[in-house]
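Structure data (compact mmCIF, C-alpha atoms) from my_file.txt:
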```
# COMPACT_ATOMS: atom_id res chain seq x y z
CA MET A 1 53.97 106.93 55.59
CA ILE A 2 55.28 110.44 56.34
CA LYS A 3 56.99 109.19 59.52
CA LYS A 4 58.56 106.30 57.62
CA LEU A 5 59.74 108.69 54.89
CA ASN A 6 61.34 111.04 57.44
CA ILE A 7 63.15 108.13 59.11
CA LEU A 8 64.40 106.95 55.72
CA LEU A 9 65.70 110.44 54.84
CA LEU A 10 67.41 110.80 58.22
CA SER A 11 69.06 107.40 57.85
CA SER A 12 70.31 108.36 54.39
CA LEU A 13 71.77 111.61 55.71
CA LEU A 14 73.53 109.80 58.55
CA LEU A 15 74.90 107.20 56.16
CA PHE A 16 76.10 109.91 53.80
CA SER A 17 77.72 111.81 56.67
CA CYS A 18 79.51 108.70 57.84
CA LYS A 19 80.84 107.98 54.37
CA GLU A 20 82.16 111.53 53.95
CA GLU A 21 83.81 111.73 57.40
CA ARG A 22 87.57 111.22 57.40
CA LEU A 23 89.24 109.84 60.50
CA ASP A 24 92.33 111.54 61.85
CA PRO A 25 95.20 109.06 61.42
CA THR A 26 96.90 110.39 64.59
CA SER A 27 96.01 108.30 67.66
CA VAL A 28 95.13 110.04 70.90
CA PHE A 29 96.90 107.22 72.74
CA GLU A 30 100.64 107.62 72.83
CA ASP A 31 103.13 104.89 73.63
CA LEU A 32 105.24 106.47 76.32
CA GLU A 33 108.72 105.20 77.02
CA VAL A 34 109.24 104.95 80.77
CA GLU A 35 112.81 105.60 81.76
CA THR A 36 114.26 103.08 84.19
CA ASN A 37 117.01 103.72 86.68
CA GLU A 38 119.54 101.45 88.37
CA LEU A 39 117.10 100.41 91.11
CA ASP A 40 114.40 99.54 88.57
CA ASN A 41 116.88 97.36 86.69
CA TYR A 42 118.08 95.72 89.90
CA ILE A 43 114.52 94.89 90.96
CA GLU A 44 113.79 93.44 87.53
CA ASP A 45 116.91 91.24 87.53
CA GLN A 46 117.02 90.22 91.19
CA PHE A 47 113.33 89.94 92.09
CA THR A 48 111.02 89.93 89.09
CA LYS A 49 112.90 87.54 86.80
CA ASP A 50 113.89 85.08 89.53
CA TYR A 51 110.86 85.23 91.83
CA ASN A 52 108.10 87.05 89.91
CA ILE A 53 108.11 89.70 92.65
CA ALA A 54 107.41 93.38 91.94
CA ILE A 55 108.57 96.19 94.23
CA VAL A 56 106.73 99.51 94.32
CA TYR A 57 109.01 102.14 95.84
CA LYS A 58 107.66 105.21 94.03
CA PHE A 59 104.60 106.26 96.01
CA VAL A 60 101.40 104.94 94.42
CA GLU A 61 98.28 106.17 96.19
CA ALA A 62 96.18 103.22 95.03
CA GLU A 63 98.62 100.83 96.72
CA SER A 64 98.60 102.78 99.99
CA ASP A 65 96.22 102.68 102.93
CA LEU A 66 94.11 105.84 102.77
CA ASP A 67 93.31 105.55 106.50
CA TYR A 68 96.75 106.98 107.28
CA ASN A 69 98.69 110.10 106.39
CA LEU A 70 101.69 108.61 104.60
CA SER A 71 104.79 109.87 102.85
CA PRO A 72 106.92 108.29 100.09
CA ALA A 73 110.09 106.35 100.70
CA SER A 74 113.28 108.10 99.62
CA TYR A 75 115.34 106.64 96.79
CA GLU A 76 118.31 105.95 99.07
CA SER A 77 116.23 104.13 101.68
CA SER A 78 114.53 102.15 98.91
CA VAL A 79 117.89 101.00 97.58
CA ARG A 80 119.04 99.95 101.04
CA MET A 81 115.81 98.11 101.79
CA THR A 82 115.82 96.30 98.47
CA LYS A 83 119.38 95.08 98.98
CA LEU A 84 118.72 94.12 102.61
CA LEU A 85 115.42 92.48 101.76
CA TYR A 86 117.19 90.02 99.51
CA TYR A 87 120.14 89.53 101.87
CA LEU A 88 118.20 89.03 105.13
CA GLY A 89 114.71 88.17 103.94
CA ILE A 90 114.88 86.00 100.83
CA ALA A 91 118.36 84.51 100.47
CA PRO A 92 118.19 82.67 103.86
CA TYR A 93 115.17 80.68 102.66
CA ASP A 94 116.89 79.91 99.36
CA GLU A 95 119.95 78.73 101.25
CA ILE A 96 118.21 76.31 103.61
CA THR A 97 115.68 74.97 101.09
CA GLY A 98 118.29 74.54 98.38
CA SER A 99 116.42 76.43 95.65
CA LYS A 100 114.39 79.51 94.81
CA ASP A 101 111.18 77.48 94.50
CA PHE A 102 109.90 78.10 98.03
CA ILE A 103 110.08 81.88 97.78
CA ARG A 104 108.91 81.81 94.17
CA SER A 105 105.85 79.79 95.16
CA TYR A 106 104.77 81.43 98.42
CA PHE A 107 106.34 84.84 98.90
CA PRO A 108 103.94 87.71 98.07
CA LYS A 109 104.22 89.02 94.54
CA LEU A 110 104.10 92.71 95.44
CA LEU A 111 106.18 94.64 97.97
CA ASN A 112 105.15 98.21 98.68
CA TYR A 113 107.50 100.70 100.37
CA ILE A 114 106.17 103.54 102.52
CA GLY A 115 108.45 106.21 103.94
CA SER A 116 106.51 106.93 107.13
CA ALA A 117 104.65 104.87 109.70
CA GLY A 118 100.89 104.40 109.72
CA TYR A 119 99.75 105.83 113.06
CA ARG A 120 96.58 104.52 114.72
CA ASN A 121 94.27 106.49 117.00
CA ASN A 122 95.37 104.46 120.04
CA GLY A 123 98.95 105.68 119.80
CA THR A 124 100.38 102.55 118.16
CA PHE A 125 101.57 102.46 114.57
CA VAL A 126 101.70 100.00 111.71
CA LEU A 127 105.08 98.70 110.57
CA GLY A 128 103.77 96.29 107.97
CA THR A 129 100.68 94.71 106.49
CA ALA A 130 99.91 91.68 104.35
CA GLU A 131 96.98 91.61 101.97
CA GLY A 132 95.46 88.43 100.61
CA GLY A 133 98.77 86.61 100.47
CA VAL A 134 99.93 88.66 97.49
CA LYS A 135 101.20 91.92 98.94
CA ILE A 136 103.33 93.14 101.85
CA SER A 137 103.65 96.83 102.68
CA LEU A 138 106.67 97.92 104.73
CA TYR A 139 106.51 101.26 106.50
CA LEU A 140 108.96 103.75 108.04
CA LEU A 141 111.60 103.23 105.37
CA ASN A 142 112.93 106.76 105.73
CA ASN A 143 114.43 105.78 109.08
CA LEU A 144 116.76 103.41 107.23
CA THR A 145 120.15 105.10 106.91
CA GLU A 146 123.81 104.16 106.67
CA GLU A 147 123.98 104.00 110.48
CA THR A 148 120.72 102.16 111.18
CA GLY A 149 121.37 99.81 108.26
CA MET A 150 124.24 98.29 110.24
CA ASP A 151 122.16 97.75 113.39
CA ALA A 152 120.60 94.27 113.35
CA ASP A 153 118.32 95.08 116.30
CA PHE A 154 117.00 98.15 114.51
CA LEU A 155 116.49 96.27 111.25
CA ASN A 156 114.62 93.47 113.00
CA TYR A 157 112.43 95.76 115.07
CA TYR A 158 111.30 97.99 112.22
CA TYR A 159 111.46 95.76 109.15
CA PHE A 160 112.47 92.11 109.27
CA HIS A 161 110.47 90.99 112.25
CA THR A 162 107.53 92.50 110.36
CA MET A 163 108.48 90.87 107.06
CA HIS A 164 108.84 87.38 108.56
CA HIS A 165 105.66 87.97 110.58
CA GLU A 166 103.65 88.80 107.46
CA PHE A 167 105.22 85.99 105.43
CA ALA A 168 104.27 83.51 108.16
CA HIS A 169 100.67 84.71 107.86
CA ILE A 170 100.73 83.77 104.19
CA LEU A 171 102.16 80.34 104.99
CA HIS A 172 99.61 79.44 107.67
CA GLN A 173 96.80 80.77 105.49
CA THR A 174 98.03 78.38 102.79
CA ARG A 175 98.32 75.38 105.12
CA ASP A 176 96.98 75.92 108.62
CA TYR A 177 98.80 75.11 111.86
CA PRO A 178 97.37 72.64 114.43
CA ALA A 179 94.30 73.74 116.39
CA SER A 180 96.11 72.75 119.58
CA PHE A 181 98.12 75.98 119.37
CA LYS A 182 94.97 78.06 119.81
CA GLU A 183 93.98 76.16 122.93
CA ILE A 184 97.14 76.90 124.93
CA THR A 185 96.07 80.43 125.88
CA GLY A 186 92.66 80.40 124.26
CA ALA A 187 90.95 82.48 126.94
CA GLY A 188 93.85 84.91 127.17
CA TYR A 189 93.48 86.61 123.81
CA VAL A 190 92.28 90.18 124.22
CA ALA A 191 91.65 91.41 120.64
CA ASP A 192 92.35 95.12 120.12
CA ALA A 193 92.68 95.79 123.85
CA TRP A 194 96.24 94.40 123.79
CA SER A 195 97.81 97.87 123.64
CA ASP A 196 95.90 98.99 126.74
CA ILE A 197 96.41 95.82 128.78
CA TYR A 198 100.13 95.54 128.02
CA SER A 199 101.53 99.06 128.04
CA GLY A 200 104.42 101.03 129.44
CA SER A 201 107.99 99.94 130.07
CA SER A 202 106.91 96.59 131.54
CA ALA A 203 104.65 95.64 128.60
CA ASP A 204 106.90 92.84 127.33
CA ALA A 205 107.30 91.33 130.80
CA LEU A 206 103.56 91.44 131.49
CA ALA A 207 102.81 89.76 128.17
CA ALA A 208 105.48 87.11 128.76
CA ALA A 209 104.02 86.35 132.19
CA ASP A 210 100.74 85.53 130.45
CA GLY A 211 102.49 83.31 127.91
CA PHE A 212 102.85 85.71 124.99
CA VAL A 213 106.13 86.42 123.26
CA SER A 214 105.03 90.04 122.73
CA PRO A 215 102.07 92.24 123.68
CA TYR A 216 100.76 92.07 120.11
CA ALA A 217 100.78 88.27 120.26
CA SER A 218 97.93 88.50 122.75
CA LYS A 219 95.59 89.92 120.12
CA GLU A 220 94.51 86.54 118.72
CA ALA A 221 95.92 83.11 117.88
CA ASN A 222 97.10 83.86 114.36
CA GLU A 223 99.10 86.87 115.55
CA ASP A 224 100.46 84.79 118.42
CA PHE A 225 101.64 82.10 116.02
CA VAL A 226 103.46 84.43 113.63
CA GLU A 227 104.91 86.55 116.42
CA THR A 228 106.41 83.45 118.02
CA TYR A 229 107.89 82.42 114.67
CA SER A 230 109.25 85.82 113.73
CA TYR A 231 110.86 86.57 117.08
CA TYR A 232 112.48 83.16 117.26
CA ILE A 233 114.21 83.27 113.88
CA THR A 234 115.44 86.87 114.19
CA LEU A 235 116.72 86.85 117.79
CA SER A 236 119.93 85.27 119.03
CA PRO A 237 119.54 82.41 121.54
CA ALA A 238 120.50 84.82 124.34
CA GLN A 239 117.99 87.46 123.19
CA TRP A 240 115.23 84.88 122.89
CA GLU A 241 115.96 83.51 126.36
CA GLN A 242 115.94 87.01 127.83
CA ARG A 243 112.61 87.82 126.18
CA ILE A 244 110.70 84.74 127.30
CA SER A 245 112.25 84.63 130.79
CA GLN A 246 111.25 88.15 131.83
CA GLY A 247 107.72 87.02 132.66
CA GLY A 248 108.75 84.24 135.03
CA GLU A 249 108.92 80.47 134.78
CA GLU A 250 105.23 79.86 134.15
CA GLY A 251 105.02 82.27 131.23
CA LYS A 252 108.26 80.92 129.79
CA ILE A 253 106.93 77.36 129.78
CA ILE A 254 103.79 78.47 127.92
CA ILE A 255 105.79 80.28 125.25
CA GLU A 256 108.13 77.29 124.83
CA THR A 257 105.11 75.03 124.41
CA LYS A 258 103.86 77.28 121.63
CA LEU A 259 107.31 77.34 120.03
CA ASP A 260 107.37 73.53 119.93
CA ILE A 261 104.17 73.57 117.85
CA VAL A 262 105.54 76.29 115.57
CA ARG A 263 108.80 74.38 115.12
CA THR A 264 107.02 71.11 114.35
CA TYR A 265 104.65 72.82 111.92
CA PHE A 266 107.46 74.32 109.86
CA GLN A 267 109.42 71.07 109.89
CA THR A 268 106.55 68.80 108.86
CA VAL A 269 104.62 71.13 106.54
CA TRP A 270 107.38 73.16 104.89
CA ASP A 271 110.47 71.04 105.60
CA ILE A 272 112.14 74.01 107.29
CA ASP A 273 114.21 73.58 110.43
CA LEU A 274 113.74 76.78 112.42
CA ASP A 275 117.11 76.45 114.11
CA VAL A 276 118.91 76.13 110.80
CA LEU A 277 116.98 79.09 109.42
CA ARG A 278 117.80 81.16 112.50
CA ASP A 279 121.50 80.30 112.26
CA GLU A 280 121.54 81.42 108.63
CA ILE A 281 119.82 84.71 109.44
CA LEU A 282 122.06 85.39 112.45
CA ALA A 283 125.20 84.73 110.39
CA ARG A 284 124.05 87.28 107.86
CA GLN A 285 123.21 89.79 110.59
CA ALA A 286 126.71 89.40 112.01
CA ASP A 287 128.20 90.14 108.58
CA LEU A 288 126.22 93.34 108.02
CA PRO A 289 129.34 95.56 108.33
CA ASN A 290 130.73 93.83 105.25
CA PHE A 291 127.52 93.95 103.22
CA ASP A 292 127.24 96.66 100.56
CA GLN A 293 123.78 98.21 100.87
CA THR A 294 124.06 100.83 98.13
CA SER A 295 125.76 99.25 95.11
CA LEU A 296 123.35 98.05 92.44
CA ASN A 297 125.92 96.63 90.04
```
How would this structure read if it were set down as C-alpha cells?
Amino acid sequence: MIKKLNILLLSSLLLFSCKEERLDPTSVFEDLEVETNELDNYIEDQFTKDYNIAIVYKFVEAESDLDYNLSPASYESSVRMTKLLYYLGIAPYDEITGSKDFIRSYFPKLLNYIGSAGYRNNGTFVLGTAEGGVKISLYLLNNLTEETGMDADFLNYYYFHTMHHEFAHILHQTRDYPASFKEITGAGYVADAWSDIYSGSSADALAAADGFVSPYASKEANEDFVETYSYYITLSPAQWEQRISQGGEEGKIIIETKLDIVRTYFQTVWDIDLDVLRDEILARQADLPNFDQTSLN
C-alpha cells in the first residue's frame, strides 16, 4: 500500500508539473532562406525543370568519394561545364530523338562536380563515375578554362568521353546488350591488370592489337562496350580510323565487329543511329569557337 501511495503521489507531482510548465513559443528550428546565384537559377531552369536533373557544384562531402583527396570545383569551371554539358552532352540526344523524353527518362538525376582528379594507388586516376544509374560524378573540372574549353580533344578526353561512357553504362544496365559481344574477346579481359599490361606510349596500340578500342576497355566486357560506344560518337571518322588501325588489321577487325554489335544495339533498343548522333556531336564540336560558355542569361 505504501509503494502504491508513493507512486500515486509521484504521478500527481509529475502531472502538476506538466500542467504548470509553459512552452517557449520560439522554435529552435529556423526557416533559412538560401540565396541563389545565376548558376543556381540556370541549373533550375535548364536542367531541373526540363529533365528533373540536379547539379551539385558546391562541394558536398557526402556526395564525394572519401577514398580520394579531392578539391571543390571553381565557380567559373562549374559555369563552363554546365553550359557545355547541355550543349555537347544533352542537346545532341534531344536533337536526334526529337524530344526531351529520352534524357528525361534515362539520364542520371544527379551530376556531381569535383575540381580535382581521384588518383588511384596504381598511378591512374578517375575522371568519372556512375552510381546506381542515378548519379554521375565528373572530376578535374578546374582544368576547364577559356582556352581548354575551345579544344574538342581536351573536352572529350577529360569530360565528354567519360560522360557518354557512364551514360552508356546506365543504358545497358537498363536493357542489356547481346551476350555475343562478350564472347568476341572473352578470354582477353584482364580485370584490374589493364593498366600494367597496356602501359607507356604504346598502350593504345597494344590494346588495339588485342581488339580493344582503349586499354581500359580490356578490363571487362561492360567497360569494353561503353568504351567502344563513347569513342565512336566523340571522335571524327579520321580519328576513329587512326585509333583502331594502330594495332594492325587483325585488331581493327575485332574492334569493328564489336562496333557493329554496339551500333545494332542502339538502333534496335533505343532507336538511335550512332552515325547520326556522331554527326550531331561533331557539328557542335566544330562550332565551339562560337559557343558562349560563360553567359547564363
Atom CA of A:Ile272 sits from atom CA of A:Pro92 at a separation of 11.1 Å
Between atom CA of A:Trp194 and atom CA of A:Tyr216 lies a distance of 6.3 Å
Skip stretch 231-241 of chain A itself and residues of its chain fewer than 5 positions away, then list as a list in words all residues within 7 Å of it, counting all atoms listed in the file.
-> Asn156, His161, Leu274, Leu277, Arg278, Ile281 and Leu282 of chain A
Let me see the file: selected residues, C-alpha atoms, as a compact mmCIF listing (two decimals), keeping the file's coordinate frame.
```txt
# COMPACT_ATOMS: atom_id res chain seq x y z
CA ASN A 156 114.62 93.47 113.00
CA HIS A 161 110.47 90.99 112.25
CA LEU A 274 113.74 76.78 112.42
CA LEU A 277 116.98 79.09 109.42
CA ARG A 278 117.80 81.16 112.50
CA ILE A 281 119.82 84.71 109.44
CA LEU A 282 122.06 85.39 112.45
```
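Separating atom CA of A:Ala117 from atom CA of A:Tyr158 is a distance of 9.9 Å.
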When distances are computed from all atoms listed in the file, which of A:Gly89, A:Gly149, A:Gly247, A:Pro215 shows the smallest separation from A:Phe291?
-> A:Gly149
Around all of stretch 274-283 of chain A's listed atoms, make the axis-aligned box with 4 Å on each side and tell me centre and edge lengths in Å to one decimal, as lines of an AutoDock Vina configuration file.
```
center_x = 119.5
center_y = 80.8
center_z = 111.4
size_x = 19.5
size_y = 17.3
size_z = 13.5
```
Counting only C-alpha atoms, figure out which residue out of A:Leu110, A:Leu138, A:Ala221, A:Ala205 gets nearest to A:Thr48.
-> A:Leu110
Contacts of A:His169 at 9 Å (all atoms listed in the file; same-chain gap of 4+ positions) as a ChimeraX atom specification = /A:130,133,164-165,173-174,222-223,225-226
Which residues come within 8 Å of A:Asp204, counting all atoms listed in the file, excluding same-chain residues fewer than 4 positions away, as a short mmCIF file (atom, residue, chain, number, x, y, z; two decimals) with C-alpha atoms, keeping the file's coordinate frame?
```
data_model
loop_
_atom_site.label_atom_id
_atom_site.label_comp_id
_atom_site.auth_asym_id
_atom_site.auth_seq_id
_atom_site.Cartn_x
_atom_site.Cartn_y
_atom_site.Cartn_z
CA TYR A 198 100.13 95.54 128.02
CA ALA A 208 105.48 87.11 128.76
CA VAL A 213 106.13 86.42 123.26
CA SER A 214 105.03 90.04 122.73
CA PRO A 215 102.07 92.24 123.68
CA ARG A 243 112.61 87.82 126.18
CA GLN A 246 111.25 88.15 131.83
CA GLY A 247 107.72 87.02 132.66
#
```
Counting only C-alpha atoms, what is within 10 Å of A:Gln293, bar same-chain residues fewer than 6 positions away, as a list in words?
->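 Residues meeting the cut-off are Glu76, Ser77, Val79, Arg80, Met81, Thr82, Lys83, Leu84, Tyr87, Thr145, Glu146, Gly149 and Met150 of chain A.
Distance check against A:Trp270 using only C-alpha atoms: of A:Phe102, A:Glu95, A:Lys135, A:Gly211, the minimum falls on A:Phe102.
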Pick from A:Thr294, A:Thr97, A:Gln285, A:Thr257: nearest to A:Ser78, with only C-alpha atoms counted?
-> A:Thr294
Near-A:Ser218 list (9 Å; all atoms listed in the file; drop same-chain fewer than 6 positions) as a list in words =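 Everything that qualifies: Thr185, Gly188, Tyr189, Val190, Ala191, Trp194, Ala207, Asp210, Gly211, Phe212 and Asp224 of chain A.
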